[in-house]
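Visitor: Pasting entry-v5.cif below, which is mmCIF, N, CA and C atoms.
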```cif
data_upload
loop_
_atom_site.label_atom_id
_atom_site.label_comp_id
_atom_site.auth_asym_id
_atom_site.auth_seq_id
_atom_site.Cartn_x
_atom_site.Cartn_y
_atom_site.Cartn_z
N MET R 1 0.84 -1.18 0.00
CA MET R 1 0.00 0.00 0.00
C MET R 1 0.88 1.24 0.00
N LYS R 2 0.50 2.20 -0.82
CA LYS R 2 1.22 3.48 -0.82
C LYS R 2 0.21 4.61 -0.94
N ALA R 3 0.56 5.74 -0.40
CA ALA R 3 -0.30 6.92 -0.47
C ALA R 3 -0.06 7.65 -1.79
N THR R 4 -1.11 8.21 -2.33
CA THR R 4 -1.00 9.08 -3.49
C THR R 4 -1.36 10.48 -3.02
N ILE R 5 -0.45 11.42 -3.25
CA ILE R 5 -0.68 12.80 -2.83
C ILE R 5 -0.58 13.70 -4.05
N THR R 6 -1.61 14.48 -4.28
CA THR R 6 -1.60 15.49 -5.33
C THR R 6 -2.01 16.82 -4.71
N ARG R 7 -1.65 17.90 -5.38
CA ARG R 7 -1.98 19.22 -4.87
C ARG R 7 -2.64 20.05 -5.97
N ASP R 8 -3.53 20.93 -5.54
CA ASP R 8 -4.17 21.86 -6.46
C ASP R 8 -3.10 22.55 -7.31
N GLY R 9 -3.30 22.54 -8.60
CA GLY R 9 -2.34 23.17 -9.51
C GLY R 9 -1.30 22.23 -10.08
N GLU R 10 -1.24 20.99 -9.58
CA GLU R 10 -0.21 20.06 -10.03
C GLU R 10 -0.74 18.91 -10.89
N GLY R 11 -2.04 18.63 -10.84
CA GLY R 11 -2.58 17.48 -11.57
C GLY R 11 -2.78 17.77 -13.04
N PRO R 12 -3.03 16.71 -13.82
CA PRO R 12 -3.32 16.90 -15.25
C PRO R 12 -4.56 17.77 -15.42
N THR R 13 -4.51 18.73 -16.33
CA THR R 13 -5.61 19.67 -16.52
C THR R 13 -6.12 19.63 -17.96
N LEU R 14 -7.45 19.59 -18.09
CA LEU R 14 -8.11 19.68 -19.39
C LEU R 14 -8.73 21.07 -19.48
N THR R 15 -8.43 21.80 -20.56
CA THR R 15 -8.94 23.15 -20.74
C THR R 15 -9.96 23.17 -21.87
N PHE R 16 -11.06 23.87 -21.63
CA PHE R 16 -12.16 23.99 -22.60
C PHE R 16 -12.52 25.46 -22.77
N SER R 17 -13.37 25.77 -23.75
CA SER R 17 -13.81 27.15 -23.93
C SER R 17 -14.65 27.63 -22.74
N TRP R 18 -15.26 26.70 -22.01
CA TRP R 18 -16.12 27.04 -20.88
C TRP R 18 -15.41 27.05 -19.54
N GLY R 19 -14.20 26.49 -19.45
CA GLY R 19 -13.48 26.41 -18.17
C GLY R 19 -12.42 25.33 -18.21
N ALA R 20 -12.27 24.60 -17.10
CA ALA R 20 -11.24 23.57 -17.03
C ALA R 20 -11.56 22.54 -15.95
N ILE R 21 -10.93 21.36 -16.10
CA ILE R 21 -10.99 20.31 -15.10
C ILE R 21 -9.55 19.92 -14.77
N GLN R 22 -9.27 19.85 -13.48
CA GLN R 22 -7.96 19.38 -13.03
C GLN R 22 -8.17 18.10 -12.24
N TRP R 23 -7.51 17.02 -12.65
CA TRP R 23 -7.66 15.74 -11.97
C TRP R 23 -6.70 15.65 -10.80
N LEU R 24 -7.22 15.19 -9.66
CA LEU R 24 -6.42 15.00 -8.47
C LEU R 24 -6.16 13.52 -8.19
N CYS R 25 -7.11 12.66 -8.61
CA CYS R 25 -6.94 11.22 -8.47
C CYS R 25 -7.84 10.51 -9.47
N ASN R 26 -7.29 9.53 -10.15
CA ASN R 26 -8.03 8.63 -11.04
C ASN R 26 -7.10 7.47 -11.39
N ALA R 27 -7.54 6.59 -12.27
CA ALA R 27 -6.73 5.41 -12.62
C ALA R 27 -5.43 5.78 -13.33
N GLU R 28 -5.40 6.93 -14.01
CA GLU R 28 -4.16 7.35 -14.68
C GLU R 28 -3.13 7.87 -13.68
N ILE R 29 -3.59 8.52 -12.63
CA ILE R 29 -2.69 9.06 -11.62
C ILE R 29 -2.24 7.97 -10.65
N ASP R 30 -3.17 7.09 -10.29
CA ASP R 30 -2.88 6.00 -9.36
C ASP R 30 -3.61 4.75 -9.85
N GLU R 31 -2.87 3.77 -10.34
CA GLU R 31 -3.49 2.57 -10.92
C GLU R 31 -4.29 1.76 -9.90
N GLN R 32 -4.10 2.02 -8.60
CA GLN R 32 -4.86 1.32 -7.57
C GLN R 32 -6.12 2.09 -7.14
N ALA R 33 -6.34 3.27 -7.70
CA ALA R 33 -7.48 4.09 -7.31
C ALA R 33 -8.79 3.41 -7.68
N ALA R 34 -9.81 3.60 -6.85
CA ALA R 34 -11.14 3.06 -7.11
C ALA R 34 -12.15 4.18 -7.40
N GLN R 35 -11.70 5.45 -7.35
CA GLN R 35 -12.57 6.60 -7.57
C GLN R 35 -11.82 7.65 -8.39
N THR R 36 -12.56 8.67 -8.82
CA THR R 36 -11.97 9.82 -9.50
C THR R 36 -12.32 11.07 -8.70
N LEU R 37 -11.34 11.95 -8.53
CA LEU R 37 -11.55 13.21 -7.82
C LEU R 37 -10.91 14.32 -8.63
N GLY R 38 -11.61 15.45 -8.72
CA GLY R 38 -11.05 16.56 -9.47
C GLY R 38 -11.66 17.89 -9.05
N LEU R 39 -11.10 18.94 -9.63
CA LEU R 39 -11.60 20.30 -9.46
C LEU R 39 -12.05 20.78 -10.83
N VAL R 40 -13.18 21.46 -10.87
CA VAL R 40 -13.66 22.00 -12.13
C VAL R 40 -14.04 23.46 -11.91
N TYR R 41 -13.81 24.29 -12.93
CA TYR R 41 -14.37 25.63 -12.87
C TYR R 41 -15.03 25.94 -14.19
N ILE R 42 -16.09 26.75 -14.08
CA ILE R 42 -16.83 27.19 -15.25
C ILE R 42 -16.81 28.72 -15.24
N LEU R 43 -16.44 29.29 -16.35
CA LEU R 43 -16.32 30.74 -16.48
C LEU R 43 -17.68 31.43 -16.46
N PRO R 44 -17.74 32.70 -16.06
CA PRO R 44 -19.01 33.44 -16.06
C PRO R 44 -19.67 33.42 -17.44
N GLY R 45 -20.98 33.15 -17.46
CA GLY R 45 -21.73 33.15 -18.71
C GLY R 45 -21.57 31.90 -19.56
N LYS R 46 -20.78 30.94 -19.11
CA LYS R 46 -20.51 29.72 -19.89
C LYS R 46 -21.19 28.51 -19.25
N LYS R 47 -21.26 27.42 -20.02
CA LYS R 47 -21.79 26.16 -19.52
C LYS R 47 -20.99 25.02 -20.12
N ASN R 48 -20.96 23.90 -19.43
CA ASN R 48 -20.35 22.71 -20.02
C ASN R 48 -21.43 21.99 -20.85
N PRO R 49 -21.02 21.18 -21.82
CA PRO R 49 -22.00 20.50 -22.68
C PRO R 49 -22.85 19.50 -21.89
N LEU R 50 -24.10 19.33 -22.33
CA LEU R 50 -24.97 18.31 -21.77
C LEU R 50 -24.29 16.95 -21.97
N HIS R 51 -24.26 16.15 -20.90
CA HIS R 51 -23.54 14.86 -20.94
C HIS R 51 -24.07 13.93 -19.86
N TYR R 52 -23.56 12.69 -19.87
CA TYR R 52 -23.85 11.74 -18.79
C TYR R 52 -22.67 10.82 -18.60
N HIS R 53 -22.65 10.15 -17.46
CA HIS R 53 -21.59 9.20 -17.11
C HIS R 53 -22.23 7.82 -16.98
N PRO R 54 -21.99 6.91 -17.95
CA PRO R 54 -22.67 5.61 -17.94
C PRO R 54 -22.17 4.66 -16.87
N ASN R 55 -20.96 4.87 -16.36
CA ASN R 55 -20.36 3.88 -15.46
C ASN R 55 -20.18 4.34 -14.02
N CYS R 56 -20.72 5.51 -13.67
CA CYS R 56 -20.51 5.98 -12.29
C CYS R 56 -21.45 7.12 -11.93
N GLU R 57 -21.66 7.26 -10.63
CA GLU R 57 -22.37 8.44 -10.15
C GLU R 57 -21.34 9.52 -9.88
N GLU R 58 -21.84 10.76 -9.77
CA GLU R 58 -20.98 11.91 -9.52
C GLU R 58 -21.50 12.67 -8.31
N LEU R 59 -20.59 13.09 -7.46
CA LEU R 59 -20.90 14.03 -6.38
C LEU R 59 -20.20 15.33 -6.75
N LEU R 60 -20.94 16.42 -6.69
CA LEU R 60 -20.41 17.72 -7.07
C LEU R 60 -20.65 18.67 -5.90
N PHE R 61 -19.59 19.33 -5.42
CA PHE R 61 -19.68 20.25 -4.29
C PHE R 61 -19.16 21.61 -4.73
N VAL R 62 -19.98 22.64 -4.58
CA VAL R 62 -19.61 23.99 -5.01
C VAL R 62 -18.73 24.63 -3.93
N LEU R 63 -17.50 24.97 -4.33
CA LEU R 63 -16.55 25.62 -3.42
C LEU R 63 -16.75 27.14 -3.42
N SER R 64 -16.99 27.72 -4.61
CA SER R 64 -17.21 29.16 -4.71
C SER R 64 -17.99 29.45 -5.98
N GLY R 65 -18.68 30.58 -5.99
CA GLY R 65 -19.50 30.96 -7.13
C GLY R 65 -20.87 30.31 -7.06
N GLU R 66 -21.58 30.37 -8.19
CA GLU R 66 -22.93 29.81 -8.26
C GLU R 66 -23.22 29.39 -9.69
N CYS R 67 -24.13 28.41 -9.83
CA CYS R 67 -24.50 27.93 -11.15
C CYS R 67 -25.89 27.33 -11.13
N ASP R 68 -26.47 27.20 -12.31
CA ASP R 68 -27.71 26.45 -12.49
C ASP R 68 -27.30 25.09 -13.03
N HIS R 69 -27.65 24.04 -12.32
CA HIS R 69 -27.27 22.68 -12.73
C HIS R 69 -28.53 21.94 -13.17
N SER R 70 -28.55 21.54 -14.44
CA SER R 70 -29.71 20.77 -14.91
C SER R 70 -29.42 19.28 -14.72
N LEU R 71 -30.43 18.57 -14.25
CA LEU R 71 -30.32 17.13 -14.01
C LEU R 71 -31.58 16.50 -14.58
N ASP R 72 -31.41 15.83 -15.72
CA ASP R 72 -32.53 15.23 -16.44
C ASP R 72 -33.67 16.23 -16.64
N GLY R 73 -33.30 17.48 -17.01
CA GLY R 73 -34.27 18.51 -17.36
C GLY R 73 -34.74 19.38 -16.21
N GLU R 74 -34.47 18.99 -14.97
CA GLU R 74 -34.85 19.82 -13.82
C GLU R 74 -33.64 20.68 -13.42
N VAL R 75 -33.86 21.98 -13.25
CA VAL R 75 -32.76 22.90 -12.95
C VAL R 75 -32.70 23.16 -11.44
N HIS R 76 -31.48 23.06 -10.91
CA HIS R 76 -31.22 23.30 -9.48
C HIS R 76 -30.21 24.43 -9.36
N ARG R 77 -30.51 25.43 -8.55
CA ARG R 77 -29.60 26.54 -8.29
C ARG R 77 -28.61 26.09 -7.22
N LEU R 78 -27.32 26.11 -7.54
CA LEU R 78 -26.28 25.71 -6.60
C LEU R 78 -25.41 26.91 -6.25
N THR R 79 -25.12 27.09 -4.98
CA THR R 79 -24.25 28.15 -4.50
C THR R 79 -23.16 27.53 -3.64
N ALA R 80 -22.18 28.33 -3.23
CA ALA R 80 -21.09 27.82 -2.40
C ALA R 80 -21.65 27.06 -1.20
N GLY R 81 -21.15 25.85 -0.98
CA GLY R 81 -21.62 25.00 0.10
C GLY R 81 -22.68 24.01 -0.32
N SER R 82 -23.16 24.08 -1.58
CA SER R 82 -24.17 23.14 -2.09
C SER R 82 -23.51 21.89 -2.64
N MET R 83 -24.19 20.74 -2.46
CA MET R 83 -23.75 19.48 -3.03
C MET R 83 -24.92 18.88 -3.79
N ILE R 84 -24.62 18.26 -4.93
CA ILE R 84 -25.63 17.54 -5.69
C ILE R 84 -25.06 16.16 -6.06
N ARG R 85 -25.91 15.13 -5.93
CA ARG R 85 -25.54 13.78 -6.37
C ARG R 85 -26.18 13.54 -7.71
N ILE R 86 -25.37 13.13 -8.68
CA ILE R 86 -25.84 12.88 -10.03
C ILE R 86 -25.75 11.38 -10.29
N PRO R 87 -26.89 10.70 -10.40
CA PRO R 87 -26.86 9.25 -10.60
C PRO R 87 -26.21 8.88 -11.94
N ALA R 88 -25.65 7.68 -12.00
CA ALA R 88 -25.09 7.18 -13.26
C ALA R 88 -26.16 7.23 -14.34
N GLY R 89 -25.80 7.72 -15.51
CA GLY R 89 -26.72 7.78 -16.64
C GLY R 89 -27.59 9.01 -16.70
N ALA R 90 -27.58 9.86 -15.65
CA ALA R 90 -28.41 11.07 -15.66
C ALA R 90 -27.78 12.13 -16.55
N ARG R 91 -28.62 12.72 -17.41
CA ARG R 91 -28.15 13.79 -18.30
C ARG R 91 -28.04 15.08 -17.49
N HIS R 92 -26.89 15.75 -17.59
CA HIS R 92 -26.71 16.96 -16.79
C HIS R 92 -25.71 17.92 -17.42
N ASP R 93 -25.78 19.16 -16.98
CA ASP R 93 -24.83 20.20 -17.33
C ASP R 93 -24.93 21.31 -16.30
N ALA R 94 -23.99 22.23 -16.33
CA ALA R 94 -24.00 23.35 -15.40
C ALA R 94 -23.75 24.64 -16.17
N ARG R 95 -24.55 25.68 -15.85
CA ARG R 95 -24.39 27.00 -16.47
C ARG R 95 -24.07 28.01 -15.38
N ASN R 96 -22.98 28.73 -15.58
CA ASN R 96 -22.59 29.78 -14.64
C ASN R 96 -23.34 31.05 -15.00
N ARG R 97 -24.27 31.45 -14.18
CA ARG R 97 -25.03 32.68 -14.39
C ARG R 97 -24.51 33.82 -13.51
N GLY R 98 -23.44 33.56 -12.78
CA GLY R 98 -22.85 34.57 -11.90
C GLY R 98 -21.80 35.41 -12.62
N TRP R 99 -21.16 36.28 -11.87
CA TRP R 99 -20.14 37.18 -12.44
C TRP R 99 -18.72 36.71 -12.18
N GLU R 100 -18.56 35.64 -11.39
CA GLU R 100 -17.23 35.09 -11.12
C GLU R 100 -17.23 33.61 -11.50
N PRO R 101 -16.06 33.02 -11.72
CA PRO R 101 -16.03 31.59 -12.02
C PRO R 101 -16.66 30.78 -10.89
N VAL R 102 -17.36 29.71 -11.26
CA VAL R 102 -17.86 28.78 -10.25
C VAL R 102 -16.81 27.67 -10.15
N ARG R 103 -16.39 27.34 -8.93
CA ARG R 103 -15.35 26.34 -8.71
C ARG R 103 -15.96 25.21 -7.90
N MET R 104 -15.79 23.98 -8.39
CA MET R 104 -16.43 22.83 -7.76
C MET R 104 -15.46 21.67 -7.59
N LEU R 105 -15.69 20.90 -6.53
CA LEU R 105 -15.00 19.64 -6.31
C LEU R 105 -15.90 18.56 -6.89
N ILE R 106 -15.34 17.67 -7.71
CA ILE R 106 -16.14 16.61 -8.32
C ILE R 106 -15.53 15.25 -7.97
N CYS R 107 -16.40 14.31 -7.65
CA CYS R 107 -15.97 12.97 -7.27
C CYS R 107 -16.85 11.96 -8.00
N TYR R 108 -16.23 10.96 -8.59
CA TYR R 108 -16.93 9.91 -9.33
C TYR R 108 -16.67 8.56 -8.66
N SER R 109 -17.65 7.68 -8.73
CA SER R 109 -17.56 6.38 -8.04
C SER R 109 -16.75 5.35 -8.83
N ALA R 110 -16.05 5.77 -9.86
CA ALA R 110 -15.19 4.87 -10.64
C ALA R 110 -13.88 5.60 -10.96
N ALA R 111 -12.79 4.86 -10.97
CA ALA R 111 -11.49 5.45 -11.28
C ALA R 111 -11.31 5.70 -12.77
N ASP R 112 -12.18 5.10 -13.59
CA ASP R 112 -12.12 5.27 -15.05
C ASP R 112 -13.40 5.93 -15.56
N ARG R 113 -13.82 7.00 -14.91
CA ARG R 113 -15.07 7.69 -15.24
C ARG R 113 -15.16 7.92 -16.74
N ARG R 114 -16.32 7.58 -17.27
CA ARG R 114 -16.58 7.76 -18.71
C ARG R 114 -17.62 8.84 -18.89
N THR R 115 -17.51 9.58 -19.99
CA THR R 115 -18.44 10.67 -20.28
C THR R 115 -18.95 10.52 -21.70
N VAL R 116 -20.25 10.66 -21.88
CA VAL R 116 -20.88 10.67 -23.20
C VAL R 116 -21.47 12.07 -23.39
N PHE R 117 -20.96 12.81 -24.38
CA PHE R 117 -21.45 14.16 -24.65
C PHE R 117 -22.66 14.10 -25.57
N LEU R 118 -23.69 14.88 -25.24
CA LEU R 118 -24.93 14.92 -26.01
C LEU R 118 -25.04 16.19 -26.84
N GLU R 119 -24.10 17.11 -26.68
CA GLU R 119 -24.06 18.33 -27.48
C GLU R 119 -22.62 18.78 -27.57
N ASP R 120 -22.35 19.64 -28.53
CA ASP R 120 -21.00 20.16 -28.73
C ASP R 120 -20.68 21.23 -27.68
N GLU R 121 -19.40 21.45 -27.50
CA GLU R 121 -18.93 22.49 -26.59
C GLU R 121 -19.35 23.85 -27.12
N GLU R 122 -19.79 24.75 -26.21
CA GLU R 122 -20.14 26.12 -26.60
C GLU R 122 -18.90 26.90 -26.93
N GLU R 123 -19.02 27.84 -27.81
CA GLU R 123 -17.90 28.73 -28.14
C GLU R 123 -18.01 30.02 -27.39
#
```
Just give me the structure as structure tokens.
Guide:
Amino acid sequence: MKATITRDGEGPTLTFSWGAIQWLCNAEIDEQAAQTLGLVYILPGKKNPLHYHPNCEELLFVLSGECDHSLDGEVHRLTAGSMIRIPAGARHDARNRGWEPVRMLICYSAADRRTVFLEDEEE
């Protein structure tokens, strides 16, 4: 057994027109991992594409900012301190309607989280 330690700003980062995701733990970072953990931010006025995760549920915790999160067509207003559980297979996205980036901690119940996009990335 060995510990895996990562720090904010050091993990692999994916950049998009709407924001970014930084991975802190997953199967690529630690082959023994059973979950995925990351940080995501969405820029003001932007949203991530509608998508779902066929192989895992997601827990999303808002660290700062605010967003409207759609979950299978129902919209939930999330602010700092809010958590939402997204079941496997649920269609969802988040739109930042605030003036500052929304920053969230995301956790998936699988180390090899899969994503199926249902729309293209916004420009």
Visitor: Evaluate the PyMOL selection byres ((chain R and resi 103-109) around 6.5) on the structure here and hand back the selected residues as a list in words.
Guide: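 Here the PyMOL selection byres ((chain R and resi 103-109) around 6.5) matches Ala34, Gln35, Thr36, Leu37, Gly38, Leu39, Val40, Tyr41, Ile42, Asn55, Cys56, Glu57, Glu58, Leu59, Leu60, Phe61, Val62, Leu63, Ser64, Gly65, Glu66, Pro101, Val102, Ala110 and Ala111 of chain R.
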Visitor: What does the distance between atom C of Thr79 of chain R and atom N of Asp112 of chain R come to in Å, to one decimal place?
Guide: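 Interatomic distance here is 26.9 Å.
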Visitor: Enumerate the residues of chain R with a DSSP assignment of strand (DSSP E or B), computed from the backbone, and present them as an mmCIF file with N, CA and C atoms, in the frame of the given file.
Guide:
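Now in part-v6.cif:
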```cif
data_model
loop_
_atom_site.group_PDB
_atom_site.id
_atom_site.type_symbol
_atom_site.label_atom_id
_atom_site.label_comp_id
_atom_site.auth_asym_id
_atom_site.auth_seq_id
_atom_site.Cartn_x
_atom_site.Cartn_y
_atom_site.Cartn_z
ATOM 1 N N THR R 13 -4.510 18.730 -16.330
ATOM 2 C CA THR R 13 -5.610 19.670 -16.520
ATOM 3 C C THR R 13 -6.120 19.630 -17.960
ATOM 4 N N LEU R 14 -7.450 19.590 -18.090
ATOM 5 C CA LEU R 14 -8.110 19.680 -19.390
ATOM 6 C C LEU R 14 -8.730 21.070 -19.480
ATOM 7 N N THR R 15 -8.430 21.800 -20.560
ATOM 8 C CA THR R 15 -8.940 23.150 -20.740
ATOM 9 C C THR R 15 -9.960 23.170 -21.870
ATOM 10 N N GLY R 19 -14.200 26.490 -19.450
ATOM 11 C CA GLY R 19 -13.480 26.410 -18.170
ATOM 12 C C GLY R 19 -12.420 25.330 -18.210
ATOM 13 N N ALA R 20 -12.270 24.600 -17.100
ATOM 14 C CA ALA R 20 -11.240 23.570 -17.030
ATOM 15 C C ALA R 20 -11.560 22.540 -15.950
ATOM 16 N N ILE R 21 -10.930 21.360 -16.100
ATOM 17 C CA ILE R 21 -10.990 20.310 -15.100
ATOM 18 C C ILE R 21 -9.550 19.920 -14.770
ATOM 19 N N GLN R 22 -9.270 19.850 -13.480
ATOM 20 C CA GLN R 22 -7.960 19.380 -13.030
ATOM 21 C C GLN R 22 -8.170 18.100 -12.240
ATOM 22 N N TRP R 23 -7.510 17.020 -12.650
ATOM 23 C CA TRP R 23 -7.660 15.740 -11.970
ATOM 24 C C TRP R 23 -6.700 15.650 -10.800
ATOM 25 N N LEU R 24 -7.220 15.190 -9.660
ATOM 26 C CA LEU R 24 -6.420 15.000 -8.470
ATOM 27 C C LEU R 24 -6.160 13.520 -8.190
ATOM 28 N N CYS R 25 -7.110 12.660 -8.610
ATOM 29 C CA CYS R 25 -6.940 11.220 -8.470
ATOM 30 C C CYS R 25 -7.840 10.510 -9.470
ATOM 31 N N THR R 36 -12.560 8.670 -8.820
ATOM 32 C CA THR R 36 -11.970 9.820 -9.500
ATOM 33 C C THR R 36 -12.320 11.070 -8.700
ATOM 34 N N LEU R 37 -11.340 11.950 -8.530
ATOM 35 C CA LEU R 37 -11.550 13.210 -7.820
ATOM 36 C C LEU R 37 -10.910 14.320 -8.630
ATOM 37 N N GLY R 38 -11.610 15.450 -8.720
ATOM 38 C CA GLY R 38 -11.050 16.560 -9.470
ATOM 39 C C GLY R 38 -11.660 17.890 -9.050
ATOM 40 N N LEU R 39 -11.100 18.940 -9.630
ATOM 41 C CA LEU R 39 -11.600 20.300 -9.460
ATOM 42 C C LEU R 39 -12.050 20.780 -10.830
ATOM 43 N N VAL R 40 -13.180 21.460 -10.870
ATOM 44 C CA VAL R 40 -13.660 22.000 -12.130
ATOM 45 C C VAL R 40 -14.040 23.460 -11.910
ATOM 46 N N TYR R 41 -13.810 24.290 -12.930
ATOM 47 C CA TYR R 41 -14.370 25.630 -12.870
ATOM 48 C C TYR R 41 -15.030 25.940 -14.190
ATOM 49 N N ILE R 42 -16.090 26.750 -14.080
ATOM 50 C CA ILE R 42 -16.830 27.190 -15.250
ATOM 51 C C ILE R 42 -16.810 28.720 -15.240
ATOM 52 N N LYS R 47 -21.260 27.420 -20.020
ATOM 53 C CA LYS R 47 -21.790 26.160 -19.520
ATOM 54 C C LYS R 47 -20.990 25.020 -20.120
ATOM 55 N N HIS R 51 -24.260 16.150 -20.900
ATOM 56 C CA HIS R 51 -23.540 14.860 -20.940
ATOM 57 C C HIS R 51 -24.070 13.930 -19.860
ATOM 58 N N TYR R 52 -23.560 12.690 -19.870
ATOM 59 C CA TYR R 52 -23.850 11.740 -18.790
ATOM 60 C C TYR R 52 -22.670 10.820 -18.600
ATOM 61 N N GLU R 58 -21.840 10.760 -9.770
ATOM 62 C CA GLU R 58 -20.980 11.910 -9.520
ATOM 63 C C GLU R 58 -21.500 12.670 -8.310
ATOM 64 N N LEU R 59 -20.590 13.090 -7.460
ATOM 65 C CA LEU R 59 -20.900 14.030 -6.380
ATOM 66 C C LEU R 59 -20.200 15.330 -6.750
ATOM 67 N N LEU R 60 -20.940 16.420 -6.690
ATOM 68 C CA LEU R 60 -20.410 17.720 -7.070
ATOM 69 C C LEU R 60 -20.650 18.670 -5.900
ATOM 70 N N PHE R 61 -19.590 19.330 -5.420
ATOM 71 C CA PHE R 61 -19.680 20.250 -4.290
ATOM 72 C C PHE R 61 -19.160 21.610 -4.730
ATOM 73 N N VAL R 62 -19.980 22.640 -4.580
ATOM 74 C CA VAL R 62 -19.610 23.990 -5.010
ATOM 75 C C VAL R 62 -18.730 24.630 -3.930
ATOM 76 N N LEU R 63 -17.500 24.970 -4.330
ATOM 77 C CA LEU R 63 -16.550 25.620 -3.420
ATOM 78 C C LEU R 63 -16.750 27.140 -3.420
ATOM 79 N N SER R 64 -16.990 27.720 -4.610
ATOM 80 C CA SER R 64 -17.210 29.160 -4.710
ATOM 81 C C SER R 64 -17.990 29.450 -5.980
ATOM 82 N N GLU R 66 -21.580 30.370 -8.190
ATOM 83 C CA GLU R 66 -22.930 29.810 -8.260
ATOM 84 C C GLU R 66 -23.220 29.390 -9.690
ATOM 85 N N CYS R 67 -24.130 28.410 -9.830
ATOM 86 C CA CYS R 67 -24.500 27.930 -11.150
ATOM 87 C C CYS R 67 -25.890 27.330 -11.130
ATOM 88 N N ASP R 68 -26.470 27.200 -12.310
ATOM 89 C CA ASP R 68 -27.710 26.450 -12.490
ATOM 90 C C ASP R 68 -27.300 25.090 -13.030
ATOM 91 N N HIS R 69 -27.650 24.040 -12.320
ATOM 92 C CA HIS R 69 -27.270 22.680 -12.730
ATOM 93 C C HIS R 69 -28.530 21.940 -13.170
ATOM 94 N N SER R 70 -28.550 21.540 -14.440
ATOM 95 C CA SER R 70 -29.710 20.770 -14.910
ATOM 96 C C SER R 70 -29.420 19.280 -14.720
ATOM 97 N N LEU R 71 -30.430 18.570 -14.250
ATOM 98 C CA LEU R 71 -30.320 17.130 -14.010
ATOM 99 C C LEU R 71 -31.580 16.500 -14.580
ATOM 100 N N GLU R 74 -34.470 18.990 -14.970
ATOM 101 C CA GLU R 74 -34.850 19.820 -13.820
ATOM 102 C C GLU R 74 -33.640 20.680 -13.420
ATOM 103 N N VAL R 75 -33.860 21.980 -13.250
ATOM 104 C CA VAL R 75 -32.760 22.900 -12.950
ATOM 105 C C VAL R 75 -32.700 23.160 -11.440
ATOM 106 N N HIS R 76 -31.480 23.060 -10.910
ATOM 107 C CA HIS R 76 -31.220 23.300 -9.480
ATOM 108 C C HIS R 76 -30.210 24.430 -9.360
ATOM 109 N N ARG R 77 -30.510 25.430 -8.550
ATOM 110 C CA ARG R 77 -29.600 26.540 -8.290
ATOM 111 C C ARG R 77 -28.610 26.090 -7.220
ATOM 112 N N LEU R 78 -27.320 26.110 -7.540
ATOM 113 C CA LEU R 78 -26.280 25.710 -6.600
ATOM 114 C C LEU R 78 -25.410 26.910 -6.250
ATOM 115 N N THR R 79 -25.120 27.090 -4.980
ATOM 116 C CA THR R 79 -24.250 28.150 -4.500
ATOM 117 C C THR R 79 -23.160 27.530 -3.640
ATOM 118 N N MET R 83 -24.190 20.740 -2.460
ATOM 119 C CA MET R 83 -23.750 19.480 -3.030
ATOM 120 C C MET R 83 -24.920 18.880 -3.790
ATOM 121 N N ILE R 84 -24.620 18.260 -4.930
ATOM 122 C CA ILE R 84 -25.630 17.540 -5.690
ATOM 123 C C ILE R 84 -25.060 16.160 -6.060
ATOM 124 N N ARG R 85 -25.910 15.130 -5.930
ATOM 125 C CA ARG R 85 -25.540 13.780 -6.370
ATOM 126 C C ARG R 85 -26.180 13.540 -7.710
ATOM 127 N N ILE R 86 -25.370 13.130 -8.680
ATOM 128 C CA ILE R 86 -25.840 12.880 -10.030
ATOM 129 C C ILE R 86 -25.750 11.380 -10.290
ATOM 130 N N HIS R 92 -26.890 15.750 -17.590
ATOM 131 C CA HIS R 92 -26.710 16.960 -16.790
ATOM 132 C C HIS R 92 -25.710 17.920 -17.420
ATOM 133 N N ASP R 93 -25.780 19.160 -16.980
ATOM 134 C CA ASP R 93 -24.830 20.200 -17.330
ATOM 135 C C ASP R 93 -24.930 21.310 -16.300
ATOM 136 N N ALA R 94 -23.990 22.230 -16.330
ATOM 137 C CA ALA R 94 -24.000 23.350 -15.400
ATOM 138 C C ALA R 94 -23.750 24.640 -16.170
ATOM 139 N N ARG R 95 -24.550 25.680 -15.850
ATOM 140 C CA ARG R 95 -24.390 27.000 -16.470
ATOM 141 C C ARG R 95 -24.070 28.010 -15.380
ATOM 142 N N VAL R 102 -17.360 29.710 -11.260
ATOM 143 C CA VAL R 102 -17.860 28.780 -10.250
ATOM 144 C C VAL R 102 -16.810 27.670 -10.150
ATOM 145 N N ARG R 103 -16.390 27.340 -8.930
ATOM 146 C CA ARG R 103 -15.350 26.340 -8.710
ATOM 147 C C ARG R 103 -15.960 25.210 -7.900
ATOM 148 N N MET R 104 -15.790 23.980 -8.390
ATOM 149 C CA MET R 104 -16.430 22.830 -7.760
ATOM 150 C C MET R 104 -15.460 21.670 -7.590
ATOM 151 N N LEU R 105 -15.690 20.900 -6.530
ATOM 152 C CA LEU R 105 -15.000 19.640 -6.310
ATOM 153 C C LEU R 105 -15.900 18.560 -6.890
ATOM 154 N N ILE R 106 -15.340 17.670 -7.710
ATOM 155 C CA ILE R 106 -16.140 16.610 -8.320
ATOM 156 C C ILE R 106 -15.530 15.250 -7.970
ATOM 157 N N CYS R 107 -16.400 14.310 -7.650
ATOM 158 C CA CYS R 107 -15.970 12.970 -7.270
ATOM 159 C C CYS R 107 -16.850 11.960 -8.000
ATOM 160 N N TYR R 108 -16.230 10.960 -8.590
ATOM 161 C CA TYR R 108 -16.930 9.910 -9.330
ATOM 162 C C TYR R 108 -16.670 8.560 -8.660
ATOM 163 N N VAL R 116 -20.250 10.660 -21.880
ATOM 164 C CA VAL R 116 -20.880 10.670 -23.200
ATOM 165 C C VAL R 116 -21.470 12.070 -23.390
ATOM 166 N N PHE R 117 -20.960 12.810 -24.380
ATOM 167 C CA PHE R 117 -21.450 14.160 -24.650
ATOM 168 C C PHE R 117 -22.660 14.100 -25.570
#
```
Visitor: To one decimal place in Å, what is the distance between atom C of Ser17 of chain R and atom C of Ile29 of chain R?
Guide: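 Rounded to one decimal, the two atoms are 26.2 Å apart.
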Visitor: What's the separation between atom CA of Glu119 of chain R and atom CA of Pro54 of chain R, in Å to one decimal place?
Guide: 16.0 Å
Visitor: I need the output of the PyMOL selection byres (((chain R and resi 76 and name CA) around 12) and name CA) for this file as a list in words; which residues are they?
Guide: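 For this structure, the PyMOL selection byres (((chain R and resi 76 and name CA) around 12) and name CA) captures Glu66, Cys67, Asp68, His69, Ser70, Leu71, Asp72, Gly73, Glu74, Val75, Arg77, Leu78, Thr79, Ser82, Met83, Ile84, Arg85, Ile86, His92, Asp93, Ala94, Arg95 and Asn96 of chain R.
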